[in-house]
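Peer 1: The following file, upload30.pdb, comprises PDB, C-alpha atoms, pLDDT in the B column:
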ATOM      1  CA  GLN A   1     -13.181  -5.563  14.791  1.00 61.00           C
ATOM      2  CA  LYS A   2     -10.793  -4.243  12.158  1.00 72.00           C
ATOM      3  CA  GLU A   3     -11.755  -4.768   8.540  1.00 87.00           C
ATOM      4  CA  VAL A   4      -8.545  -6.639   7.725  1.00 92.00           C
ATOM      5  CA  GLU A   5      -6.500  -8.616  10.228  1.00 93.00           C
ATOM      6  CA  GLN A   6      -3.010  -9.915   9.592  1.00 94.00           C
ATOM      7  CA  ASP A   7      -0.584 -11.535  12.020  1.00 88.00           C
ATOM      8  CA  PRO A   8       2.470  -9.240  12.167  1.00 87.00           C
ATOM      9  CA  GLY A   9       4.889 -12.101  12.847  1.00 86.00           C
ATOM     10  CA  PRO A  10       7.806 -12.109  12.631  1.00 92.00           C
ATOM     11  CA  LEU A  11       7.851 -15.440  10.850  1.00 95.00           C
ATOM     12  CA  SER A  12      11.219 -17.153  10.504  1.00 97.00           C
ATOM     13  CA  VAL A  13      11.674 -20.220   8.284  1.00 97.00           C
ATOM     14  CA  PRO A  14      14.631 -22.148   6.830  1.00 97.00           C
ATOM     15  CA  GLU A  15      15.441 -21.848   3.148  1.00 97.00           C
ATOM     16  CA  GLY A  16      13.364 -24.237   1.044  1.00 97.00           C
ATOM     17  CA  ALA A  17      10.392 -24.268   3.419  1.00 97.00           C
ATOM     18  CA  ILE A  18       6.796 -23.716   2.343  1.00 97.00           C
ATOM     19  CA  VAL A  19       5.493 -20.462   3.781  1.00 97.00           C
ATOM     20  CA  SER A  20       1.842 -19.729   4.492  1.00 97.00           C
ATOM     21  CA  LEU A  21       0.748 -16.134   5.053  1.00 97.00           C
ATOM     22  CA  ASN A  22      -2.837 -15.308   5.921  1.00 96.00           C
ATOM     23  CA  CYS A  23      -5.373 -12.532   6.351  1.00 97.00           C
ATOM     24  CA  THR A  24      -8.908 -12.507   7.647  1.00 96.00           C
ATOM     25  CA  TYR A  25     -11.489  -9.868   6.888  1.00 95.00           C
ATOM     26  CA  SER A  26     -14.918  -8.840   8.064  1.00 93.00           C
ATOM     27  CA  ASN A  27     -16.471  -7.101   5.051  1.00 88.00           C
ATOM     28  CA  SER A  28     -18.315  -9.688   2.962  1.00 88.00           C
ATOM     29  CA  ALA A  29     -18.476  -7.189   0.084  1.00 87.00           C
ATOM     30  CA  PHE A  30     -14.748  -7.497  -0.643  1.00 89.00           C
ATOM     31  CA  GLN A  31     -14.224  -8.821  -4.159  1.00 88.00           C
ATOM     32  CA  TYR A  32     -10.654  -7.845  -5.061  1.00 89.00           C
ATOM     33  CA  PHE A  33      -7.740  -9.376  -3.163  1.00 92.00           C
ATOM     34  CA  MET A  34      -4.096  -8.512  -3.494  1.00 93.00           C
ATOM     35  CA  TRP A  35      -0.754  -9.399  -1.978  1.00 96.00           C
ATOM     36  CA  TYR A  36       2.082  -6.904  -1.851  1.00 96.00           C
ATOM     37  CA  ARG A  37       5.701  -7.508  -0.890  1.00 97.00           C
ATOM     38  CA  GLN A  38       7.632  -4.722   0.824  1.00 97.00           C
ATOM     39  CA  TYR A  39      11.373  -4.870   1.303  1.00 96.00           C
ATOM     40  CA  SER A  40      12.895  -2.807   4.077  1.00 93.00           C
ATOM     41  CA  ARG A  41      12.823   0.917   3.289  1.00 91.00           C
ATOM     42  CA  LYS A  42      11.142   0.328  -0.086  1.00 93.00           C
ATOM     43  CA  GLY A  43       7.632   0.812  -1.433  1.00 95.00           C
ATOM     44  CA  PRO A  44       5.151  -2.088  -1.591  1.00 96.00           C
ATOM     45  CA  GLU A  45       5.362  -4.169  -4.777  1.00 94.00           C
ATOM     46  CA  LEU A  46       2.289  -5.902  -6.217  1.00 92.00           C
ATOM     47  CA  LEU A  47       2.755  -9.686  -6.196  1.00 94.00           C
ATOM     48  CA  MET A  48      -0.626 -11.254  -6.852  1.00 91.00           C
ATOM     49  CA  TYR A  49      -4.105 -10.020  -7.736  1.00 87.00           C
ATOM     50  CA  THR A  50      -7.236 -12.164  -7.465  1.00 88.00           C
ATOM     51  CA  TYR A  51     -10.828 -11.333  -8.210  1.00 83.00           C
ATOM     52  CA  SER A  52     -13.462 -13.147  -6.121  1.00 83.00           C
ATOM     53  CA  SER A  53     -12.787 -16.709  -4.961  1.00 81.00           C
ATOM     54  CA  GLY A  54     -10.381 -19.433  -5.979  1.00 83.00           C
ATOM     55  CA  ASN A  55      -6.687 -19.975  -6.466  1.00 90.00           C
ATOM     56  CA  LYS A  56      -4.111 -18.232  -8.594  1.00 93.00           C
ATOM     57  CA  GLU A  57      -0.581 -19.447  -9.166  1.00 95.00           C
ATOM     58  CA  ASP A  58       2.464 -17.532 -10.345  1.00 94.00           C
ATOM     59  CA  GLY A  59       5.755 -19.391 -10.171  1.00 96.00           C
ATOM     60  CA  ARG A  60       6.507 -20.216  -6.543  1.00 97.00           C
ATOM     61  CA  PHE A  61       3.583 -18.121  -5.310  1.00 97.00           C
ATOM     62  CA  THR A  62      -0.045 -19.244  -4.897  1.00 97.00           C
ATOM     63  CA  ALA A  63      -2.844 -16.961  -3.743  1.00 96.00           C
ATOM     64  CA  GLN A  64      -5.989 -18.510  -2.330  1.00 95.00           C
ATOM     65  CA  VAL A  65      -9.298 -16.843  -1.465  1.00 95.00           C
ATOM     66  CA  ASP A  66     -12.017 -18.461   0.646  1.00 93.00           C
ATOM     67  CA  LYS A  67     -14.890 -16.005   0.726  1.00 91.00           C
ATOM     68  CA  SER A  68     -17.100 -18.285   2.805  1.00 92.00           C
ATOM     69  CA  SER A  69     -14.559 -18.111   5.615  1.00 93.00           C
ATOM     70  CA  LYS A  70     -13.440 -14.544   4.828  1.00 94.00           C
ATOM     71  CA  TYR A  71      -9.878 -15.809   4.675  1.00 94.00           C
ATOM     72  CA  ILE A  72      -7.106 -15.325   2.140  1.00 96.00           C
ATOM     73  CA  SER A  73      -3.706 -16.961   1.948  1.00 96.00           C
ATOM     74  CA  LEU A  74      -0.417 -16.603   0.128  1.00 97.00           C
ATOM     75  CA  PHE A  75       1.782 -19.688  -0.179  1.00 97.00           C
ATOM     76  CA  ILE A  76       5.448 -19.477  -1.085  1.00 98.00           C
ATOM     77  CA  ARG A  77       7.071 -22.721  -2.201  1.00 97.00           C
ATOM     78  CA  ASP A  78      10.810 -23.366  -1.983  1.00 97.00           C
ATOM     79  CA  SER A  79      11.323 -20.149  -0.053  1.00 97.00           C
ATOM     80  CA  GLN A  80      14.532 -18.221  -0.662  1.00 97.00           C
ATOM     81  CA  PRO A  81      16.441 -15.674   1.449  1.00 97.00           C
ATOM     82  CA  SER A  82      15.420 -13.101  -1.179  1.00 97.00           C
ATOM     83  CA  ASP A  83      11.795 -13.665  -0.105  1.00 97.00           C
ATOM     84  CA  SER A  84      12.624 -12.044   3.247  1.00 97.00           C
ATOM     85  CA  ALA A  85      10.315  -9.036   3.372  1.00 97.00           C
ATOM     86  CA  THR A  86       7.033  -7.828   4.819  1.00 97.00           C
ATOM     87  CA  TYR A  87       3.958  -9.171   3.032  1.00 97.00           C
ATOM     88  CA  LEU A  88       0.804  -7.070   3.037  1.00 97.00           C
ATOM     89  CA  CYS A  89      -2.620  -8.238   2.020  1.00 96.00           C
ATOM     90  CA  ALA A  90      -5.017  -5.707   0.527  1.00 93.00           C
ATOM     91  CA  MET A  91      -8.647  -5.911  -0.496  1.00 90.00           C
ATOM     92  CA  SER A  92     -11.512  -3.870  -1.843  1.00 87.00           C
ATOM     93  CA  SER A  93     -15.239  -4.167  -2.334  1.00 81.00           C
ATOM     94  CA  TYR A  94     -15.904  -3.047  -5.893  1.00 67.00           C
ATOM     95  CA  GLY A  95     -14.833  -0.744  -8.649  1.00 58.00           C
ATOM     96  CA  GLY A  96     -15.766   2.737  -9.633  1.00 51.00           C
ATOM     97  CA  SER A  97     -15.105   5.671  -7.354  1.00 46.00           C
ATOM     98  CA  GLN A  98     -15.720   3.638  -4.209  1.00 51.00           C
ATOM     99  CA  GLY A  99     -14.103   0.576  -2.793  1.00 61.00           C
ATOM    100  CA  ASN A 100     -10.675   1.806  -1.824  1.00 82.00           C
ATOM    101  CA  LEU A 101      -7.956  -0.682  -0.995  1.00 86.00           C
ATOM    102  CA  ILE A 102      -7.804  -1.678   2.666  1.00 89.00           C
ATOM    103  CA  PHE A 103      -4.412  -3.011   3.711  1.00 92.00           C
ATOM    104  CA  GLY A 104      -3.431  -5.406   6.451  1.00 94.00           C
ATOM    105  CA  LYS A 105      -0.529  -4.273   8.612  1.00 93.00           C
ATOM    106  CA  GLY A 106       1.782  -6.861   7.115  1.00 95.00           C
ATOM    107  CA  THR A 107       3.595 -10.036   8.179  1.00 96.00           C
ATOM    108  CA  LYS A 108       7.372  -9.839   8.412  1.00 96.00           C
ATOM    109  CA  LEU A 109       9.010 -12.941   6.915  1.00 97.00           C
ATOM    110  CA  SER A 110      12.619 -13.982   7.350  1.00 97.00           C
ATOM    111  CA  VAL A 111      14.019 -16.892   5.326  1.00 97.00           C
ATOM    112  CA  LYS A 112      17.273 -18.184   6.812  1.00 97.00           C
ATOM    113  CA  PRO A 113      19.945 -19.706   4.522  1.00 95.00           C
TER     114      PRO A 113
ATOM    115  CA  ASP B 114       9.829   2.665 -17.409  1.00 63.00           C
ATOM    116  CA  ALA B 115      11.211   4.567 -14.419  1.00 81.00           C
ATOM    117  CA  GLY B 116       8.316   3.681 -12.153  1.00 94.00           C
ATOM    118  CA  VAL B 117       6.713   6.108  -9.722  1.00 97.00           C
ATOM    119  CA  ILE B 118       9.157   8.833  -8.708  1.00 97.00           C
ATOM    120  CA  GLN B 119       8.950  10.579  -5.360  1.00 98.00           C
ATOM    121  CA  SER B 120      10.975  13.432  -3.932  1.00 97.00           C
ATOM    122  CA  PRO B 121      12.509  14.097  -1.564  1.00 97.00           C
ATOM    123  CA  ARG B 122      13.358  10.623  -0.261  1.00 97.00           C
ATOM    124  CA  HIS B 123      14.000  11.956   3.225  1.00 97.00           C
ATOM    125  CA  GLU B 124      12.769  15.118   4.871  1.00 97.00           C
ATOM    126  CA  VAL B 125      13.588  16.377   8.343  1.00 97.00           C
ATOM    127  CA  THR B 126      11.839  19.536   9.444  1.00 97.00           C
ATOM    128  CA  GLU B 127      10.860  21.396  12.546  1.00 97.00           C
ATOM    129  CA  MET B 128       7.358  21.586  13.911  1.00 97.00           C
ATOM    130  CA  GLY B 129       5.395  24.387  12.317  1.00 96.00           C
ATOM    131  CA  GLN B 130       7.225  24.321   9.010  1.00 97.00           C
ATOM    132  CA  GLU B 131       5.588  23.673   5.661  1.00 97.00           C
ATOM    133  CA  VAL B 132       6.421  20.382   3.980  1.00 98.00           C
ATOM    134  CA  THR B 133       5.831  19.586   0.307  1.00 98.00           C
ATOM    135  CA  LEU B 134       6.111  16.061  -1.040  1.00 98.00           C
ATOM    136  CA  ARG B 135       6.238  15.428  -4.783  1.00 98.00           C
ATOM    137  CA  CYS B 136       5.220  12.574  -7.021  1.00 98.00           C
ATOM    138  CA  LYS B 137       5.549  11.716 -10.702  1.00 98.00           C
ATOM    139  CA  PRO B 138       3.263   8.784 -11.629  1.00 97.00           C
ATOM    140  CA  ILE B 139       3.923   6.178 -14.283  1.00 96.00           C
ATOM    141  CA  SER B 140       3.116   7.560 -17.724  1.00 95.00           C
ATOM    142  CA  GLY B 141      -0.321   6.448 -18.930  1.00 93.00           C
ATOM    143  CA  HIS B 142      -1.707   5.741 -15.463  1.00 94.00           C
ATOM    144  CA  ASP B 143      -4.922   7.615 -14.719  1.00 92.00           C
ATOM    145  CA  TYR B 144      -5.145   6.971 -10.979  1.00 92.00           C
ATOM    146  CA  LEU B 145      -2.838   8.516  -8.407  1.00 95.00           C
ATOM    147  CA  PHE B 146      -2.902   7.704  -4.684  1.00 95.00           C
ATOM    148  CA  TRP B 147      -1.239   9.176  -1.607  1.00 97.00           C
ATOM    149  CA  TYR B 148      -0.711   6.841   1.369  1.00 96.00           C
ATOM    150  CA  ARG B 149       0.863   7.198   4.787  1.00 97.00           C
ATOM    151  CA  GLN B 150       2.551   4.291   6.573  1.00 96.00           C
ATOM    152  CA  THR B 151       3.288   4.070  10.293  1.00 94.00           C
ATOM    153  CA  MET B 152       4.031   1.142  12.579  1.00 90.00           C
ATOM    154  CA  MET B 153       0.908   1.787  14.598  1.00 89.00           C
ATOM    155  CA  ARG B 154      -1.622   2.266  11.824  1.00 90.00           C
ATOM    156  CA  GLY B 155      -0.053   0.509   8.838  1.00 91.00           C
ATOM    157  CA  LEU B 156      -0.717   1.798   5.340  1.00 93.00           C
ATOM    158  CA  GLU B 157      -3.542   4.309   5.127  1.00 92.00           C
ATOM    159  CA  LEU B 158      -5.023   5.968   2.055  1.00 93.00           C
ATOM    160  CA  LEU B 159      -5.033   9.749   2.334  1.00 95.00           C
ATOM    161  CA  ILE B 160      -6.457  10.810  -1.025  1.00 95.00           C
ATOM    162  CA  TYR B 161      -6.713   9.641  -4.595  1.00 93.00           C
ATOM    163  CA  PHE B 162      -7.148  11.262  -7.993  1.00 94.00           C
ATOM    164  CA  ASN B 163      -8.632   9.969 -11.209  1.00 91.00           C
ATOM    165  CA  ASN B 164      -7.696  11.860 -14.370  1.00 93.00           C
ATOM    166  CA  ASN B 165      -6.221  14.646 -12.191  1.00 95.00           C
ATOM    167  CA  VAL B 166      -9.490  15.133 -10.275  1.00 95.00           C
ATOM    168  CA  PRO B 167      -9.604  14.426  -6.517  1.00 94.00           C
ATOM    169  CA  ILE B 168     -12.138  11.626  -5.977  1.00 90.00           C
ATOM    170  CA  ASP B 169     -11.868  10.737  -2.298  1.00 89.00           C
ATOM    171  CA  ASP B 170     -10.041  12.794   0.320  1.00 92.00           C
ATOM    172  CA  SER B 171     -11.769  11.276   3.336  1.00 90.00           C
ATOM    173  CA  GLY B 172      -8.457   9.905   4.584  1.00 90.00           C
ATOM    174  CA  MET B 173      -6.800  13.308   4.848  1.00 94.00           C
ATOM    175  CA  PRO B 174      -6.325  13.685   8.597  1.00 87.00           C
ATOM    176  CA  GLU B 175      -7.128  17.377   8.898  1.00 85.00           C
ATOM    177  CA  ASP B 176      -7.040  20.727   7.160  1.00 91.00           C
ATOM    178  CA  ARG B 177      -3.291  20.959   7.556  1.00 95.00           C
ATOM    179  CA  PHE B 178      -3.017  18.435   4.728  1.00 97.00           C
ATOM    180  CA  SER B 179      -3.712  19.329   1.102  1.00 97.00           C
ATOM    181  CA  ALA B 180      -2.994  17.625  -2.209  1.00 97.00           C
ATOM    182  CA  LYS B 181      -3.008  18.790  -5.786  1.00 97.00           C
ATOM    183  CA  MET B 182      -2.582  17.244  -9.202  1.00 97.00           C
ATOM    184  CA  PRO B 183      -2.142  20.068 -11.708  1.00 97.00           C
ATOM    185  CA  ASN B 184      -1.440  17.686 -14.602  1.00 95.00           C
ATOM    186  CA  ALA B 185      -1.199  13.988 -15.409  1.00 95.00           C
ATOM    187  CA  SER B 186       2.497  13.775 -14.581  1.00 96.00           C
ATOM    188  CA  PHE B 187       2.772  15.584 -11.258  1.00 96.00           C
ATOM    189  CA  SER B 188       1.177  15.694  -7.821  1.00 98.00           C
ATOM    190  CA  THR B 189       2.019  17.295  -4.495  1.00 98.00           C
ATOM    191  CA  LEU B 190       1.061  16.587  -0.905  1.00 98.00           C
ATOM    192  CA  LYS B 191       1.508  19.559   1.393  1.00 98.00           C
ATOM    193  CA  ILE B 192       1.463  19.712   5.177  1.00 97.00           C
ATOM    194  CA  GLN B 193       1.192  23.156   6.725  1.00 96.00           C
ATOM    195  CA  PRO B 194       1.978  23.535   9.577  1.00 96.00           C
ATOM    196  CA  SER B 195       3.719  20.223  10.239  1.00 96.00           C
ATOM    197  CA  GLU B 196       3.543  18.476  13.624  1.00 96.00           C
ATOM    198  CA  PRO B 197       5.629  15.650  15.164  1.00 97.00           C
ATOM    199  CA  ARG B 198       2.704  13.225  14.794  1.00 95.00           C
ATOM    200  CA  ASP B 199       2.945  13.662  11.019  1.00 97.00           C
ATOM    201  CA  SER B 200       6.233  11.743  11.067  1.00 97.00           C
ATOM    202  CA  ALA B 201       5.735   8.715   8.804  1.00 97.00           C
ATOM    203  CA  VAL B 202       6.615   7.324   5.400  1.00 98.00           C
ATOM    204  CA  TYR B 203       4.453   8.834   2.672  1.00 98.00           C
ATOM    205  CA  PHE B 204       3.923   6.798  -0.475  1.00 98.00           C
ATOM    206  CA  CYS B 205       2.586   7.799  -3.828  1.00 97.00           C
ATOM    207  CA  ALA B 206       1.109   5.081  -6.048  1.00 95.00           C
ATOM    208  CA  SER B 207      -0.341   5.094  -9.537  1.00 94.00           C
ATOM    209  CA  SER B 208      -2.417   2.668 -11.553  1.00 91.00           C
ATOM    210  CA  PHE B 209      -4.201   2.121 -14.836  1.00 87.00           C
ATOM    211  CA  ARG B 210      -6.715  -0.254 -13.284  1.00 75.00           C
ATOM    212  CA  LYS B 211      -7.635   0.977  -9.832  1.00 71.00           C
ATOM    213  CA  TYR B 212      -6.536  -2.068  -7.840  1.00 75.00           C
ATOM    214  CA  GLU B 213      -3.210  -2.800  -9.510  1.00 82.00           C
ATOM    215  CA  GLN B 214      -1.349  -0.006  -7.824  1.00 89.00           C
ATOM    216  CA  TYR B 215       2.360   0.608  -8.275  1.00 92.00           C
ATOM    217  CA  PHE B 216       4.093   2.326  -5.410  1.00 95.00           C
ATOM    218  CA  GLY B 217       6.969   4.766  -5.365  1.00 96.00           C
ATOM    219  CA  PRO B 218       9.926   4.434  -2.985  1.00 96.00           C
ATOM    220  CA  GLY B 219       8.331   6.736  -0.416  1.00 97.00           C
ATOM    221  CA  THR B 220       9.341   9.890   1.437  1.00 98.00           C
ATOM    222  CA  ARG B 221      10.454   9.387   5.024  1.00 97.00           C
ATOM    223  CA  LEU B 222       9.270  12.456   6.935  1.00 98.00           C
ATOM    224  CA  THR B 223      10.553  13.354  10.379  1.00 98.00           C
ATOM    225  CA  VAL B 224       9.080  16.353  12.168  1.00 97.00           C
ATOM    226  CA  THR B 225      11.003  17.397  15.281  1.00 96.00           C
TER     227      THR B 225
END
Once you've parsed the file, please lay out its structure as structure tokens.
Peer 2:
Amino acid sequence: QKEVEQDPGPLSVPEGAIVSLNCTYSNSAFQYFMWYRQYSRKGPELLMYTYSSGNKEDGRFTAQVDKSSKYISLFIRDSQPSDSATYLCAMSSYGGSQGNLIFGKGTKLSVKP
Amino acid sequence: DAGVIQSPRHEVTEMGQEVTLRCKPISGHDYLFWYRQTMMRGLELLIYFNNNVPIDDSGMPEDRFSAKMPNASFSTLKIQPSEPRDSAVYFCASSFRKYEQYFGPGTRLTVT
């Protein structure tokens, strides 16, 4: 079983829809959870950063962590064509010199006007 | 701030040639990371530095790969000799706090 699993999609939704993107993981030691957005032929861009469990909201984006289920989600409200990109989850166990970021392979999202 | 700067943006080379990728991190960041991204394997960490010192190079695929960080504003990733299976997009990232990493635009490497 891979440490981080993410459905590659592609996911196609109409403009204005609520989008749900998800990752599951196997390492119960993960404490830091991140979502990155990657436009075509660009580098990943940090969107959201959550420590441990709970929800975090930033504008139209909400990140949710359920450690009991080893499941994280990113919700996008009122999706826009400019949200069309690949979304990668990333996670790590702890700080210091260990606990490198482990990335999911990404879900490709297309928001149609 | 200019962000993380990588050069070249594209590199096409023949098998057996030496390839050098360059990175300038964001000023003030003390972590620097080199990643490789392919369709098959996704984004993989190759090596990272903290305060110019290599901390973890366990992701470097083999001895053909080497990385240096001679000062806080410059790092190189070298592949010698290059092979077709090294074809990928190589990203450099930097951070002040380890997990809030900021990525450069990447170098798209093609080895024929």
Peer 1: I need the chain B residues near chain A as a list in words; criterion: at most 8 Å, counting all atoms listed in the file.
Peer 2: Arg154, Gly155, Leu156, Glu157, Leu158, Ile168, Asp169, Phe204, Lys211, Tyr212, Glu213, Gln214, Tyr215, Phe216, Gly217, Pro218 and Gly219 of chain B
Peer 1: Starting from the shown file, work through the PyMOL selection byres ((chain B and resi 187) around 12) and note down what comes out as an NGL selection string.
Peer 2: :B and (117-120 or 134-140 or 142-146 or 162 or 164-165 or 180-186 or 188-190 or 205-207)
Peer 1: Put a box with edges along x, y and z around all the listed atoms of region 20-36 of chain A, pad it by 4 Å on each side, then give me its centre and sizes in Å, one decimal, as lines of an AutoDock Vina configuration file.
Peer 2:
center_x = -8.2
center_y = -13.3
center_z = 1.5
size_x = 28.6
size_y = 20.8
size_z = 21.1
Peer 1: Just checking: using all atoms listed in the file, which residue out of A:Thr86, A:Ser40, A:Gln6, A:Thr107 ends up closest to Ile72 (chain A)?
Peer 2: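 So, comparing all the options, the nearest one is A:Gln6.
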Peer 1: Given the PyMOL selection byres ((chain A and resi 62) around 12) and the file above, list the residues it selects as a VMD selection string.
Peer 2: chain A and resid 18 to 22 34 to 35 47 to 50 54 to 61 63 to 65 72 to 78
Peer 1: Output the selection as a PDB file, in the coordinates of the input - C-alpha atoms for each residue.
Peer 2:
ATOM      1  CA  ILE A  18       6.796 -23.716   2.343  1.00 97.00           C
ATOM      2  CA  VAL A  19       5.493 -20.462   3.781  1.00 97.00           C
ATOM      3  CA  SER A  20       1.842 -19.729   4.492  1.00 97.00           C
ATOM      4  CA  LEU A  21       0.748 -16.134   5.053  1.00 97.00           C
ATOM      5  CA  ASN A  22      -2.837 -15.308   5.921  1.00 96.00           C
ATOM      6  CA  MET A  34      -4.096  -8.512  -3.494  1.00 93.00           C
ATOM      7  CA  TRP A  35      -0.754  -9.399  -1.978  1.00 96.00           C
ATOM      8  CA  LEU A  47       2.755  -9.686  -6.196  1.00 94.00           C
ATOM      9  CA  MET A  48      -0.626 -11.254  -6.852  1.00 91.00           C
ATOM     10  CA  TYR A  49      -4.105 -10.020  -7.736  1.00 87.00           C
ATOM     11  CA  THR A  50      -7.236 -12.164  -7.465  1.00 88.00           C
ATOM     12  CA  GLY A  54     -10.381 -19.433  -5.979  1.00 83.00           C
ATOM     13  CA  ASN A  55      -6.687 -19.975  -6.466  1.00 90.00           C
ATOM     14  CA  LYS A  56      -4.111 -18.232  -8.594  1.00 93.00           C
ATOM     15  CA  GLU A  57      -0.581 -19.447  -9.166  1.00 95.00           C
ATOM     16  CA  ASP A  58       2.464 -17.532 -10.345  1.00 94.00           C
ATOM     17  CA  GLY A  59       5.755 -19.391 -10.171  1.00 96.00           C
ATOM     18  CA  ARG A  60       6.507 -20.216  -6.543  1.00 97.00           C
ATOM     19  CA  PHE A  61       3.583 -18.121  -5.310  1.00 97.00           C
ATOM     20  CA  ALA A  63      -2.844 -16.961  -3.743  1.00 96.00           C
ATOM     21  CA  GLN A  64      -5.989 -18.510  -2.330  1.00 95.00           C
ATOM     22  CA  VAL A  65      -9.298 -16.843  -1.465  1.00 95.00           C
ATOM     23  CA  ILE A  72      -7.106 -15.325   2.140  1.00 96.00           C
ATOM     24  CA  SER A  73      -3.706 -16.961   1.948  1.00 96.00           C
ATOM     25  CA  LEU A  74      -0.417 -16.603   0.128  1.00 97.00           C
ATOM     26  CA  PHE A  75       1.782 -19.688  -0.179  1.00 97.00           C
ATOM     27  CA  ILE A  76       5.448 -19.477  -1.085  1.00 98.00           C
ATOM     28  CA  ARG A  77       7.071 -22.721  -2.201  1.00 97.00           C
ATOM     29  CA  ASP A  78      10.810 -23.366  -1.983  1.00 97.00           C
TER      30      ASP A  78
END
Peer 1: Out of A:Tyr87, A:Gln80, A:Lys2, A:Ser93, which residue has the shortest atom-to-atom distance to Gly16 (chain A) when counting only C-alpha atoms?
Peer 2: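 Ranking A:Tyr87, A:Gln80, A:Lys2, A:Ser93 by distance to Gly16 (chain A), first place goes to A:Gln80.
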Peer 1: If we count only C-alpha atoms and set the cut-off at 7 Å, which residues sit around Val224 (chain B), ignoring sequence neighbours fewer than 4 positions away in its own chain? Please answer as a list in words.
Peer 2: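 The neighbour list is Val125, Thr126, Glu127, Met128, Ser195, Glu196, Pro197, Asp199 and Ser200 of chain B.
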Peer 1: Those residues you just picked out, can you put them in a file as a compact mmCIF listing (two decimals), in the frame of the given file with C-alpha atoms?
Peer 2:
# COMPACT_ATOMS: atom_id res chain seq x y z
CA VAL B 125 13.59 16.38 8.34
CA THR B 126 11.84 19.54 9.44
CA GLU B 127 10.86 21.40 12.55
CA MET B 128 7.36 21.59 13.91
CA SER B 195 3.72 20.22 10.24
CA GLU B 196 3.54 18.48 13.62
CA PRO B 197 5.63 15.65 15.16
CA ASP B 199 2.94 13.66 11.02
CA SER B 200 6.23 11.74 11.07
Peer 1: Run the PyMOL selection byres ((chain A and resi 52) around 6) against the file shown and list the residues it catches, as number ranges by chain.
Peer 2: A: 31, 51, 53
Peer 1: Could you check how far CA of Thr223 (chain B) sits from CA of Leu109 (chain A), in Å to one decimal?
Peer 2: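 So the two atoms, CA of Thr223 (chain B) and CA of Leu109 (chain A), lie 26.6 Å apart.
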Peer 1: What is the CA of Ala29 (chain A)-CA of Tyr161 (chain B) distance in Å, reported with one decimal?
Peer 2: 21.1 Å
Peer 1: Please indicate the distance in Å from CA of Ala201 (chain B) to CA of Gly141 (chain B), rounded to one decimal place.
Peer 2: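 Value for the CA of Ala201 (chain B)-CA of Gly141 (chain B) distance: 28.5 Å.
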Peer 1: Can you find the residues with an atom no farther than 7 Å from (16.0, -14.9, 8.6), counting all atoms listed in the file, and report them as a ChimeraX atom specification?
Peer 2: /A:12-13,84,110-112
Peer 1: Might you pull out every residue within 8 Å of Glu3 (chain A), with all atoms listed in the file counted and same-chain residues fewer than 2 positions away left off, and present them as a list in words?
Peer 2: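 The residues satisfying every condition are Gln1, Glu5, Tyr25, Ser26, Asn27 and Ile102 of chain A.
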